[in-house]
Every structure is written in structure tokens, then in C-alpha cells.
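Data first, discussion second: the structure below is written as C-alpha cells.
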Protein chains: 2
Amino acid sequence: MNRKLAIVLLAFSQTWGIAAAQEIRDDFVPSSLNQPGQAYPQVNSQGYARFRIEAPEAESVRVSLGLGGSGGTVLTQDEDGVWTGTTAGPLDEGFHYYRLTVDGGTFNDPGTLNFFGSRRWESGIEIPAHDRDFYALKDVPHGHVQQILFPSPSTDSVRRAFVYTPPGYEDNPGQRYPVLYLQHGWGEDETAWSNQGHANLIMDNLIAEGRTEPFLIVMTYGMTNDVQIGGLGSFDVSAFETVLVDELIPYVDANFRTLSDQPNRAMAGLSMGGMETKSITLNNLDTFSYIGLFSGGSITLDDVNATPGYRDKVKLTFVSYGSKELNGGRGGRGGNPQSDAEALKAAGINSVFYVSPDTAHEFLSWRRSLHEMAPLLFRD
Amino acid sequence: MNRKLAIVLLAFSQTWGIAAAQEIRDDFVPSSLNQPGQAYPQVNSQGYARFRIEAPEAESVRVSLGLGGSGGTVLTQDEDGVWTGTTAGPLDEGFHYYRLTVDGGTFNDPGTLNFFGSRRWESGIEIPAHDRDFYALKDVPHGHVQQILFPSPSTDSVRRAFVYTPPGYEDNPGQRYPVLYLQHGWGEDETAWSNQGHANLIMDNLIAEGRTEPFLIVMTYGMTNDVQIGGLGSFDVSAFETVLVDELIPYVDANFRTLSDQPNRAMAGLSMGGMETKSITLNNLDTFSYIGLFSGGSITLDDVNATPGYRDKVKLTFVSYGSKELNGGRGGRGGNPQSDAEALKAAGINSVFYVSPDTAHEFLSWRRSLHEMAPLLFRD
């Protein structure tokens with residue numbers, strides 16, 4: 001290393017190090033997702049996360065979260081054998097997956113709850129968001145989230161879904177409800193929208209405020225042909241389309257008091273679930289009338305023009321992204337979803353584009369997206 | 001060590017080691033509770049469990065399961081840095097909790113699902129039981145399991161419960177159903193009877209065979225005053241009694257189509273949940289008519305005589321244990337639940353005593369207990 005570069009690096013490192021050390025507020029509290037009675041992990045009011053792992057004889061403990069790139073946050077061992085460490089900077093508000101690397105092995109943090117992501121149950125931590133009130137558990141009437149097991153002849157299996165029924169569903173036996181089919185992202189499953197997304201609490205709160213029509217939400221597993229999945233590029237949605245359209249929807253319409261016509265059925269999804277939503281809805285416009293893509297692609301005027309009936313049948317085209325994943329308006333693998341949305345609007349199509357402030361490809365973007373989209377559904 | 005003892009030990013150890021090595025069948029398959037795509041842990045047809053943990057730089061990895069007493073199963077590292085090991089003998093059929101100790105730290109096995117027990121999410125493994133058909137997921141009509149959030153003024157909180165509704169509940173809006181309140185054990189929570197217990201599948205299968213009346217099952221958290229809990233000896237059930245009797249039951253009766261009178265309400269629980277069941281039912285005989293204690297105490301003739309109205313109001317007294325936790329008939333902390341049950345029967349009380357063959361204080365005992373008790377409920 002030449003001397004000039006060395007000085008620059010040192011100066012940067014010292015400045016940054018001192019600044020960080022001075023700035024970290026000492027108001028750490030246990031993360032809201034901790035297991036009962038567990039004091040760690042902790043978060044502070046700036047969004048720093050602090051970890052504490054007992055593994056007295058370990059050689060190294062690392063947390064895959066923080067500003068250290070793939071290195072994450074490296075913990076250091078104190079004289080009692082306990083490993084502790086704080087992220088080098090604040091994390092984005094909202095939910096984050098993470099994992100530990102203990103002596104080269106991957107484990108979960110025993111202090112916190114697990115959430116299904118990356119095709120495994122991962123550790124989760126929550127950085128309190130300034131707008132967290134909209135998904136908080138409050139003293140309002142609560143809907144139910146129920147596990148259903150439905151027959152799937154096409155996959156020769158019994159499959160699982162969760163159904164949110166709004167408050168009052170049981171009290172109003174004469175009332176029928178519209179339905180939103182809501183999909184998780186790659187590596188997640190049908191538990192994600194309740195556990196990580198708080199979809200039920202978002203709806204309970206919106207309904208209590210009179211801001212949305214009550215409707216059902218149905219969440220099932222979207223990686224139907226998961227054994228064949230290499231990457232997203234080779235993902236074939238047709239197996240899931242069969243399960244959803246030919247098996248799950250008829251089951252839900254037979255077992256719940258739904259409004260089972262096209263104007264009363266919506267589909268939305270996050271990331272890979274957005275890609276599935278686009279593919280399935282455009283292929284089944286007599287089944288769905290509202291479409292939502294959360295951080296999962298875009299719908300262009302070319303898409304609309306290539307899909308007979310789109311202008312008449314689709315009542316809402318909702319596309320959203322986290323601001324940090326939009327690169328000058330670009331989202332996903334190219335394209336510009338914001339200008340796509342504007343082009344749809346200019347062509348007289350009910351198109352809404354939403355950007356979640358200061359979030360990336362993570363669940364706070366999607367909680368907010370659902371919160372923005374729900375009041376726009378089933379208004380016609 | 002004197003020479004005689006040394007020879008005896010050596011002979012025992014060699015004999016046992018050789019015998020075990022010869023006997024272990026090489027038909028290991030992934031445990032049914034593994035995370036998607038995970039090959040380990042595995043079980044064989046004799047009930048041996050085999051573990052595989054990647055932690056290349058670890059010094060020691062141990063599994064708290066097996067015949068090694070508190071030492072459990074010690075894994076050994078191969079040349080690739082992977083830790084493997086097999087239990088020293090077969091495990092009992094059914095579900096077992098376990099955990100890893102990696103370099104002195106407690107972690108879960110990343111290969112398998114987690115289950116809430118011992119007041120934390122633990123690893124779980126399933127040794128296929130010869131009678132597992134009764135709780136298998138089959139192609140029969142399935143009931144739903146729904147999460148409800150109910151207000152609890154006594155604890156100033158919104159509390160969670162799960163409600164099983166039988167197949168046909170949605171199709172028969174004119175029908176009302178009896179209710180079983182079903183409690184977990186110490187350190188578990190309201191997820192246990194669905195996740196570990198398969199209560200919903202047990203009911204689905206019994207109903208499909210026409211062997212039980214359809215009824216609802218309600219499962220909530222029973223360690224209401226958990227912060228104050230030292231041991232079971234100091235556990236005070238009164239806070240939970242208030243939540244259950246004054247808050248949850250009215251909520252369920254208001255939000256589900258229940259038969260809300262005493263003849264149509266039962267309570268049962270396992271271990272600590274059995275102790276709660278005894279205490280709460282005997283204190284509320286105008287609320288409950290069927291009582292089930294699974295590995296959780298006994299009801300004596302003295303109890304009956306000390307409880308006004310027991311003979312008239314209680315339609316069934318069901319007590320069960322795993323055979324391996326019964327010591328010459330004795331269960332729990334003394335007493336003889338089998339002779340207690342016989343004394344009740346001799347006194348003209350409908351008393352049933354059930355022993356689960358070859359199981360201990362674990363979930364297969366309780367799955368079987370529910371399977372035995374359910375057909376006896378709500379028959380009057």
C-alpha cells in the first residue's frame with residue numbers, strides 16, 4: 001500500500017470510528033421479536049442493533065447483518081466467554097432477516113424468533129419504524145387468521161394456506177366478502193405475510209379507522225414446483241397457477257362467504273410473488289380485477305396492449321418499490337416502473353405507483369405497500 | 001480403580017459397543033420435521049437418530065438427545081469438518097425436543113423445524129410411531145385452525161388463542177358446536193397442540209371415521225403470570241383462570257357458533273395444563289362437564305367428595321399417562337392415578353384411565369390421550 005492511500009484510509013477509518021463511537025445512543029432495548037424473556041438482540045433509537053451470544057469455547061461468532069458487507073458484524077468475546085457486538089451503523093427501519101456464523105457453521109440467534117426466508121427458518125430483528133403504528137397490535141376488533149388444508153389433485157397433495165377473515169365475519173352470517181390473494185417472495189412461504197408482514201394487523205387497523213372495505217386475504221405457498229427451482233430466471237409459474245386458480249380459489253369460495261365474481265377478487269405479491277401475480281392475473285383477467293406488484297416488476301403499456309380486455313377488466317394496477325431499491329426510478333432487472341405507471345395513467349388506466357421512503361427490498365416496504373393498496377380495493 | 005471392576009467395565013463396554021454397531025439398520029431417512037430440502041437429522045426404522053452439523057472450526061458439538069444422560073449424543077468431526085453422530089440406542093416413538101451445544105453455546109439444529117418448549121423455540125425430531133396413522137395428514141375433509149386475538153382486561157393486553165373448527169363448520173351456518181378447551185404443558189404455548197400435538201389432524205381423522213362428534217378446540221397460553229413463575233410448586237393458576245373463564249370463553253361464545261352451556265364444554269390439558277384443568281374445572285363445575293388430565297395429576301375420591309356437585313355435573317373424568325412415567329401405577333409426584341380412577345369408577349363415576357404404551361412424558365402420550373378422549377366427549 002502506498003503511503004498516500006494509507007493515510008487516506010487511516011483518516012477515514014479514524015474519523016468514522018470516532019464519529020460512530022460518539023454518536024451511538026445508550027438507549028438499547030430488546031427487539032420486539034425476541035423470544036420470551038430474552039434480553040438480546042437489542043436495538044437503539046437510531047437503528048443500531050446489538051447482539052450477545054453465549055458460546056464460551058467458540059473461536060469466532062459473526063452476525064450476517066450490519067454494514068460489514070458479507071462479513072456482517074463480527075462479535076468479540078469478553079472475559080466471561082460471552083460474544084457481543086454492535087452493528088457499525090444504523091440499520092433501515094423495519095424487519096431484517098439474519099443468521100449467525102459460529103465457528104464456520106450457520107445457526108440462528110437463540111435470543112430471537114425465527115421467520116421463514118431464504119428457504120429456511122431465519123433469525124429476525126425489528127428496527128422500530130417511525131410509522132409503526134399502522135401495523136401495531138391495538139385494542140381494536142381483530143380479525144382471525146386461519147390455517148386451511150385444501151386438496152390439490154394437480155400436485156397430488158394436501159396443501160396449506162392461511163385465510164384472514166375481518167372482524168365481524170362471524171357475526172354477520174348474511175354478508176359476503178371480496179378476496180385478496182397475497183403472495184410471499186422467493187424463499188419465503190405462506191407464513192410470511194402474517195409473521196413478517198403483519199397483514200392481519202394492518203387490515204384490523206385500517207378497518208377500525210373506516211379506511212378500507214373489509215375483505216378476506218388468502219396466503220398460500222407460491223413455489224409449487226420448488227424442487228425444480230434453480231434460480232428465478234428458470235421459474236415456471238404454471239404449476240402454481242393451476243394450484244391457485246383451479247384448486248385454492250374454488251376451495252375458498254366453497255368454504256368461506258366470499259363474493260366469488262371477478263370484480264371482487266384481487267391478487268398481489270411481493271418480489272417473486274409480484275412476478276407470479278403479473279403472470280397469473282394477465283392470464284386470468286376473468287378471475288382477477290385488481291393487481292398489485294410490490295417490488296416485483298412492472299406493468300407496461302406494451303403489457304396492457306398485449307392483453308385483450310385489460311383496459312375494461314382491470315380496476316387497479318398498483319406497483320410499488322422501496323426507495324432504496326429504485327435506482328433513478330429503475331426497479332428490478334431494468335425498466336422504469338415509475339414511468340411505466342405514468343404511461344398507464346396517461347392512457348386512462350387506473351394506475352398507482354407507490355414508493356416506500358428509506359426502505360430497500362425488505363418487509364417494511366411491503367407492509368406499507370399493503371397499507372397503501374388495501375383502501376383502493378373493491379371500491380367500484 | 002481395582003482390577004476386577006476395570007475388567008467388568010471393559011467387558012460391558014466392549015460387548016455393548018459391538019452389539020450396538022451390529023444392530024443399527026442402515027435405513028436412515030430424513031425426519032418428517034426437517035426444514036425443506038434438509039437431509040438431516042435422520043431416523044431409522046429402529047428409532048435411532050443421526051445428526052449432521054456443519055461447523056468446521058468448532059471444538060465440540062453435542063446433541064441433548066439420546067442415551068448419554070445429560071451428555072446426550074456427542075458428535076465427532078470428519079476430515080471435511082462436518083460433525084456427525086448417532087444416538088447410542090433407539091429413542092421412544094414420537095416427538096422429541098432437543099438442542100445443540102456448540103462450543104458451549106446453546107443453538108438449534110439448522111436442519112429441523114423449531115417447536116416452542118422449555119420456554120424457548122427448540123429443535124424437534126419425530127421417531128415414526130407404529131400407530132402414526134391416527135395423526136397423519138390424509139385426504140379427508142380438514143377443519144381449520146385459526147388464530148384469534150381476544151381482549152383481556154384483567155391482564156391489560158390482547159391475547160392469542162387458536163381455535164380448531166371441524167370440517168363443515170362453514171357449510172352449516174345453522175349448526176352449533178360443543179367446545180373443548182385444551183392446554184399445553186410448562187414451557188410450551190398455544191402453538192403446541194397444533195404443531196407438536198397434531199390436534200387438528202387427530203380430529204379430522206376421527207370425524208372422517210365417524211368416531212367422534214364434531215366439536216371446536218380452543219388452545220391458549222396458560223402461563224398467564226409467567227414472570228412470577230419460579231417452579232411449578234409456586235404456580236398460581238388464578239390469573240389464568242380469570243383469562244380463561246371470564247375473558248376467553250365469552251369471546252369464543254360470542255364469535256363462534258358454540259353450544260355455550262355447561263353440558264357442551266370440556267377442558268383438558270397435559271402436564272402443567274392438567275394441573276390447571278383440575279384446578280379450574282373443580283372451581284367452575286357450572287362451566288365444564290368433561291375433564292381430562294394428560295400426565296398431569298389425578299382426581300381422587302377425596303377430590304370428588306370435597307367438590308359439591310361433582311357427581312351430578314361431571315360427565316367424564318379422563319386421566320392418562322405414558323407407561324414409562326408410571327412407576328408401578330404412580331404418576332407425577334406421588335399418588336396412584338390408576339387406583340384413584342378405579343375408586344371413582346367403583347363409586348359410580350364415569351372415570352376412564354388410559355395408559356399410552358411405551359411412551360414417557362412426551363407428546364405421543366398426549367396425542368394418544370386426545371385420540372382416546374375425543375370420542376367420549378359430548379355424548380350425553
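Letters A, B, ... go to the chains of the C-alpha cells in the order shown; residues in each chain start at 1; ligands are counted from 1 in the same order.
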Please identify every residue of chain B that has at least one atom no farther than 8 Å from an atom of chain A, counting only C-alpha atoms, and for each give the shortest atom pair and the distance in Å to one decimal, arranged by chain then increasing number, as JSON lines.
{"residue": "B:Gln35", "atom": "CA", "partner": "A:Arg120", "partner_atom": "CA", "distance": 6.5}
{"residue": "B:Pro36", "atom": "CA", "partner": "A:Arg119", "partner_atom": "CA", "distance": 6.9}
{"residue": "B:Ile53", "atom": "CA", "partner": "A:Gly105", "partner_atom": "CA", "distance": 7.7}
{"residue": "B:Glu54", "atom": "CA", "partner": "A:Gly105", "partner_atom": "CA", "distance": 5.2}
{"residue": "B:Ala55", "atom": "CA", "partner": "A:Gly105", "partner_atom": "CA", "distance": 3.8}
{"residue": "B:Pro56", "atom": "CA", "partner": "A:Gly104", "partner_atom": "CA", "distance": 5.5}
{"residue": "B:Glu57", "atom": "CA", "partner": "A:Asp103", "partner_atom": "CA", "distance": 4.6}
{"residue": "B:Ala58", "atom": "CA", "partner": "A:Asp103", "partner_atom": "CA", "distance": 5.1}
{"residue": "B:Glu59", "atom": "CA", "partner": "A:Ala58", "partner_atom": "CA", "distance": 7.3}
{"residue": "B:Val102", "atom": "CA", "partner": "A:Ala55", "partner_atom": "CA", "distance": 7.1}
{"residue": "B:Asp103", "atom": "CA", "partner": "A:Glu57", "partner_atom": "CA", "distance": 4.6}
{"residue": "B:Gly104", "atom": "CA", "partner": "A:Ala55", "partner_atom": "CA", "distance": 4.9}
{"residue": "B:Gly105", "atom": "CA", "partner": "A:Ala55", "partner_atom": "CA", "distance": 3.8}
{"residue": "B:Thr106", "atom": "CA", "partner": "A:Pro110", "partner_atom": "CA", "distance": 7.3}
{"residue": "B:Phe107", "atom": "CA", "partner": "A:Pro110", "partner_atom": "CA", "distance": 6.0}
{"residue": "B:Asn108", "atom": "CA", "partner": "A:Phe107", "partner_atom": "CA", "distance": 6.9}
{"residue": "B:Asp109", "atom": "CA", "partner": "A:Phe107", "partner_atom": "CA", "distance": 7.4}
{"residue": "B:Pro110", "atom": "CA", "partner": "A:Phe107", "partner_atom": "CA", "distance": 6.0}
{"residue": "B:Leu113", "atom": "CA", "partner": "A:Trp121", "partner_atom": "CA", "distance": 7.6}
{"residue": "B:Arg119", "atom": "CA", "partner": "A:Pro36", "partner_atom": "CA", "distance": 7.0}
{"residue": "B:Arg120", "atom": "CA", "partner": "A:Gln35", "partner_atom": "CA", "distance": 6.6}
{"residue": "B:Trp121", "atom": "CA", "partner": "A:Leu113", "partner_atom": "CA", "distance": 7.6}
{"residue": "B:Leu137", "atom": "CA", "partner": "A:Val158", "partner_atom": "CA", "distance": 7.8}
{"residue": "B:Lys138", "atom": "CA", "partner": "A:Val158", "partner_atom": "CA", "distance": 7.6}
{"residue": "B:Asp139", "atom": "CA", "partner": "A:Val158", "partner_atom": "CA", "distance": 6.8}
{"residue": "B:His142", "atom": "CA", "partner": "A:Leu149", "partner_atom": "CA", "distance": 6.1}
{"residue": "B:Gly143", "atom": "CA", "partner": "A:Ile148", "partner_atom": "CA", "distance": 7.1}
{"residue": "B:His144", "atom": "CA", "partner": "A:Ile148", "partner_atom": "CA", "distance": 5.0}
{"residue": "B:Val145", "atom": "CA", "partner": "A:Gln147", "partner_atom": "CA", "distance": 5.0}
{"residue": "B:Gln146", "atom": "CA", "partner": "A:Gln146", "partner_atom": "CA", "distance": 3.5}
{"residue": "B:Gln147", "atom": "CA", "partner": "A:Val145", "partner_atom": "CA", "distance": 5.0}
{"residue": "B:Ile148", "atom": "CA", "partner": "A:His144", "partner_atom": "CA", "distance": 5.0}
{"residue": "B:Leu149", "atom": "CA", "partner": "A:His142", "partner_atom": "CA", "distance": 6.1}
{"residue": "B:Phe150", "atom": "CA", "partner": "A:His142", "partner_atom": "CA", "distance": 7.5}
{"residue": "B:Pro151", "atom": "CA", "partner": "A:Asp139", "partner_atom": "CA", "distance": 7.2}
{"residue": "B:Val158", "atom": "CA", "partner": "A:Asp139", "partner_atom": "CA", "distance": 6.9}
{"residue": "B:Glu170", "atom": "CA", "partner": "A:Asn255", "partner_atom": "CA", "distance": 5.7}
{"residue": "B:Asp171", "atom": "CA", "partner": "A:Asn255", "partner_atom": "CA", "distance": 6.6}
{"residue": "B:Pro173", "atom": "CA", "partner": "A:Pro173", "partner_atom": "CA", "distance": 7.4}
{"residue": "B:Asn255", "atom": "CA", "partner": "A:Glu170", "partner_atom": "CA", "distance": 5.7}
{"residue": "B:Phe256", "atom": "CA", "partner": "A:Glu170", "partner_atom": "CA", "distance": 6.4}
Quick one: residues within 12 Å of Glu209 of chain B, only C-alpha atoms counted, chain neighbours fewer than 2 positions away excluded, as an MDAnalysis selection string?
chainID B and resid 134 138 140:141 202:207 211:214 375
Restricting it to N, CA, C and O atoms, dump the selection as a short mmCIF file (atom, residue, chain, number, x, y, z; two decimals), in the first residue's frame.
data_model
loop_
_atom_site.label_atom_id
_atom_site.label_comp_id
_atom_site.auth_asym_id
_atom_site.auth_seq_id
_atom_site.Cartn_x
_atom_site.Cartn_y
_atom_site.Cartn_z
N PHE B 134 -53.11 -42.37 12.99
CA PHE B 134 -54.24 -41.62 13.57
C PHE B 134 -54.00 -40.11 13.58
O PHE B 134 -54.94 -39.34 13.70
N LYS B 138 -54.14 -36.76 5.96
CA LYS B 138 -54.75 -37.63 4.94
C LYS B 138 -55.68 -36.84 4.03
O LYS B 138 -56.03 -35.70 4.32
N VAL B 140 -58.73 -36.38 3.66
CA VAL B 140 -60.08 -36.36 4.24
C VAL B 140 -60.46 -34.89 4.38
O VAL B 140 -59.60 -34.01 4.25
N PRO B 141 -61.72 -34.58 4.61
CA PRO B 141 -62.06 -33.17 4.86
C PRO B 141 -61.31 -32.65 6.08
O PRO B 141 -61.19 -33.35 7.09
N ILE B 202 -55.76 -35.15 14.28
CA ILE B 202 -56.41 -36.20 15.08
C ILE B 202 -57.92 -36.07 14.97
O ILE B 202 -58.64 -37.04 14.74
N MET B 203 -58.41 -34.83 15.09
CA MET B 203 -59.86 -34.60 14.99
C MET B 203 -60.37 -34.87 13.59
O MET B 203 -61.40 -35.52 13.41
N ASP B 204 -59.67 -34.34 12.57
CA ASP B 204 -60.10 -34.56 11.18
C ASP B 204 -60.28 -36.06 10.91
O ASP B 204 -61.26 -36.49 10.29
N ASN B 205 -59.30 -36.85 11.36
CA ASN B 205 -59.34 -38.29 11.09
C ASN B 205 -60.45 -38.98 11.88
O ASN B 205 -61.16 -39.84 11.34
N LEU B 206 -60.61 -38.62 13.14
CA LEU B 206 -61.69 -39.21 13.95
C LEU B 206 -63.06 -38.88 13.35
O LEU B 206 -63.94 -39.73 13.28
N ILE B 207 -63.21 -37.63 12.92
CA ILE B 207 -64.50 -37.21 12.35
C ILE B 207 -64.76 -37.94 11.03
O ILE B 207 -65.87 -38.40 10.77
N ARG B 211 -66.07 -41.39 14.30
CA ARG B 211 -65.83 -41.88 15.67
C ARG B 211 -66.02 -40.82 16.74
O ARG B 211 -65.97 -41.13 17.92
N THR B 212 -66.16 -39.57 16.34
CA THR B 212 -66.39 -38.53 17.35
C THR B 212 -67.38 -37.51 16.82
O THR B 212 -67.52 -37.33 15.61
N GLU B 213 -68.06 -36.87 17.75
CA GLU B 213 -68.87 -35.71 17.39
C GLU B 213 -67.94 -34.59 16.95
O GLU B 213 -66.87 -34.42 17.54
N PRO B 214 -68.33 -33.81 15.95
CA PRO B 214 -67.51 -32.63 15.66
C PRO B 214 -67.63 -31.60 16.78
O PRO B 214 -68.72 -31.35 17.27
N PRO B 375 -63.54 -39.25 21.44
CA PRO B 375 -64.80 -39.97 21.15
C PRO B 375 -65.73 -40.07 22.35
O PRO B 375 -66.90 -40.43 22.19
#
According to DSSP computed on the backbone, where in segment 184-333 of chain A is there strand (DSSP E)? Give the residues as a list of chain:residue names.
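Checking each residue of segment 184-333 of chain A, the strand (DSSP E) ones are A:Leu216, A:Ile217, A:Val218, A:Met219, A:Thr220, A:Arg265, A:Ala266, A:Met267, A:Ala268, A:Gly269, A:Leu270, A:Tyr290, A:Ile291, A:Gly292, A:Leu293, A:Phe294, A:Leu316, A:Thr317, A:Phe318, A:Val319, A:Ser320, A:Tyr321, A:Gly322.
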Output file for the selection above: C-alpha atoms, as a CSV table (one decimal), in the first residue's frame:
chain,number,residue,atom,x,y,z
A,216,LEU,CA,-60.6,-11.7,3.1
A,217,ILE,CA,-56.9,-12.2,2.5
A,218,VAL,CA,-55.7,-15.7,1.3
A,219,MET,CA,-52.0,-16.6,1.5
A,220,THR,CA,-50.5,-19.8,0.2
A,265,ARG,CA,-61.1,-10.7,-6.5
A,266,ALA,CA,-57.6,-9.2,-6.3
A,267,MET,CA,-54.1,-10.6,-6.4
A,268,ALA,CA,-50.9,-9.0,-5.1
A,269,GLY,CA,-47.4,-10.3,-4.2
A,270,LEU,CA,-44.0,-9.2,-3.2
A,290,TYR,CA,-57.2,-5.7,-9.0
A,291,ILE,CA,-53.4,-6.3,-9.5
A,292,GLY,CA,-50.6,-5.4,-7.1
A,293,LEU,CA,-46.9,-5.8,-7.6
A,294,PHE,CA,-44.7,-5.0,-4.6
A,316,LEU,CA,-56.4,-1.1,-10.4
A,317,THR,CA,-52.8,-1.5,-11.4
A,318,PHE,CA,-50.7,-1.0,-8.2
A,319,VAL,CA,-46.9,-1.1,-8.4
A,320,SER,CA,-44.6,-0.2,-5.5
A,321,TYR,CA,-40.9,-0.3,-4.5
A,322,GLY,CA,-38.7,0.7,-1.6
Which residues come within 12 Å of Trp366 of chain B, counting only C-alpha atoms, excluding same-chain residues fewer than 2 positions away, as a PyMOL selection string?
chain B and resi 94-95+135+182-185+192-194+196-199+202+268-271+273-274+292-296+319-323+354-357+359-364+368-374
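You will find atom CA of Leu301 of chain B at 12.1 Å from atom CA of Gln338 of chain B.
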Within 10 Å of Ala39 of chain A, counting only C-alpha atoms, which residues show up once you throw out same-chain ones fewer than 6 positions away? Write them as number ranges by chain, please.
A: 29-31, 51-52, 111-112
Among segment 242-370 of chain A, which ones does DSSP assign to alpha helix (DSSP H) (computed from the backbone)? Answer as a count of residues only.
46
Distance query Val43 of chain B at most 12 Å, only C-alpha atoms, self and fewer than 5 positions along chain excluded, as an NGL selection string
:B and (24-34 or 48-52 or 85-87 or 89-95 or 125-129)
Atoms to include: C-alpha atoms. Write the selected residues as a JSON list (two decimals), in the first residue's frame.
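After the write, again-v8.json holds the following:
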[["chain", "number", "residue", "atom", "x", "y", "z"],
["B", 24, "ILE", "CA", -28.11, -50.47, 13.73],
["B", 25, "ARG", "CA", -30.01, -50.86, 10.47],
["B", 26, "ASP", "CA", -28.82, -48.74, 7.58],
["B", 27, "ASP", "CA", -32.27, -47.45, 6.61],
["B", 28, "PHE", "CA", -32.00, -43.86, 7.82],
["B", 29, "VAL", "CA", -34.33, -41.30, 6.24],
["B", 30, "PRO", "CA", -34.81, -37.57, 6.95],
["B", 31, "SER", "CA", -37.03, -36.86, 9.95],
["B", 32, "SER", "CA", -40.53, -35.77, 8.92],
["B", 33, "LEU", "CA", -39.99, -32.48, 10.79],
["B", 34, "ASN", "CA", -36.97, -31.35, 8.79],
["B", 48, "TYR", "CA", -32.08, -44.38, 16.18],
["B", 49, "ALA", "CA", -31.47, -40.73, 15.32],
["B", 50, "ARG", "CA", -28.49, -39.50, 13.35],
["B", 51, "PHE", "CA", -27.29, -35.91, 13.30],
["B", 52, "ARG", "CA", -25.08, -33.93, 10.94],
["B", 85, "GLY", "CA", -23.21, -38.85, 15.35],
["B", 86, "THR", "CA", -25.90, -41.40, 16.05],
["B", 87, "THR", "CA", -27.75, -41.91, 19.31],
["B", 89, "GLY", "CA", -29.70, -46.50, 21.26],
["B", 90, "PRO", "CA", -33.23, -46.19, 19.88],
["B", 91, "LEU", "CA", -35.41, -43.33, 21.07],
["B", 92, "ASP", "CA", -39.05, -43.73, 22.08],
["B", 93, "GLU", "CA", -41.55, -43.39, 19.25],
["B", 94, "GLY", "CA", -43.00, -39.94, 18.73],
["B", 95, "PHE", "CA", -41.88, -36.35, 19.13],
["B", 125, "ILE", "CA", -37.40, -34.69, 15.73],
["B", 126, "GLU", "CA", -40.05, -37.33, 15.07],
["B", 127, "ILE", "CA", -39.48, -41.05, 15.50],
["B", 128, "PRO", "CA", -42.23, -42.64, 13.38],
["B", 129, "ALA", "CA", -44.71, -44.35, 15.68]]
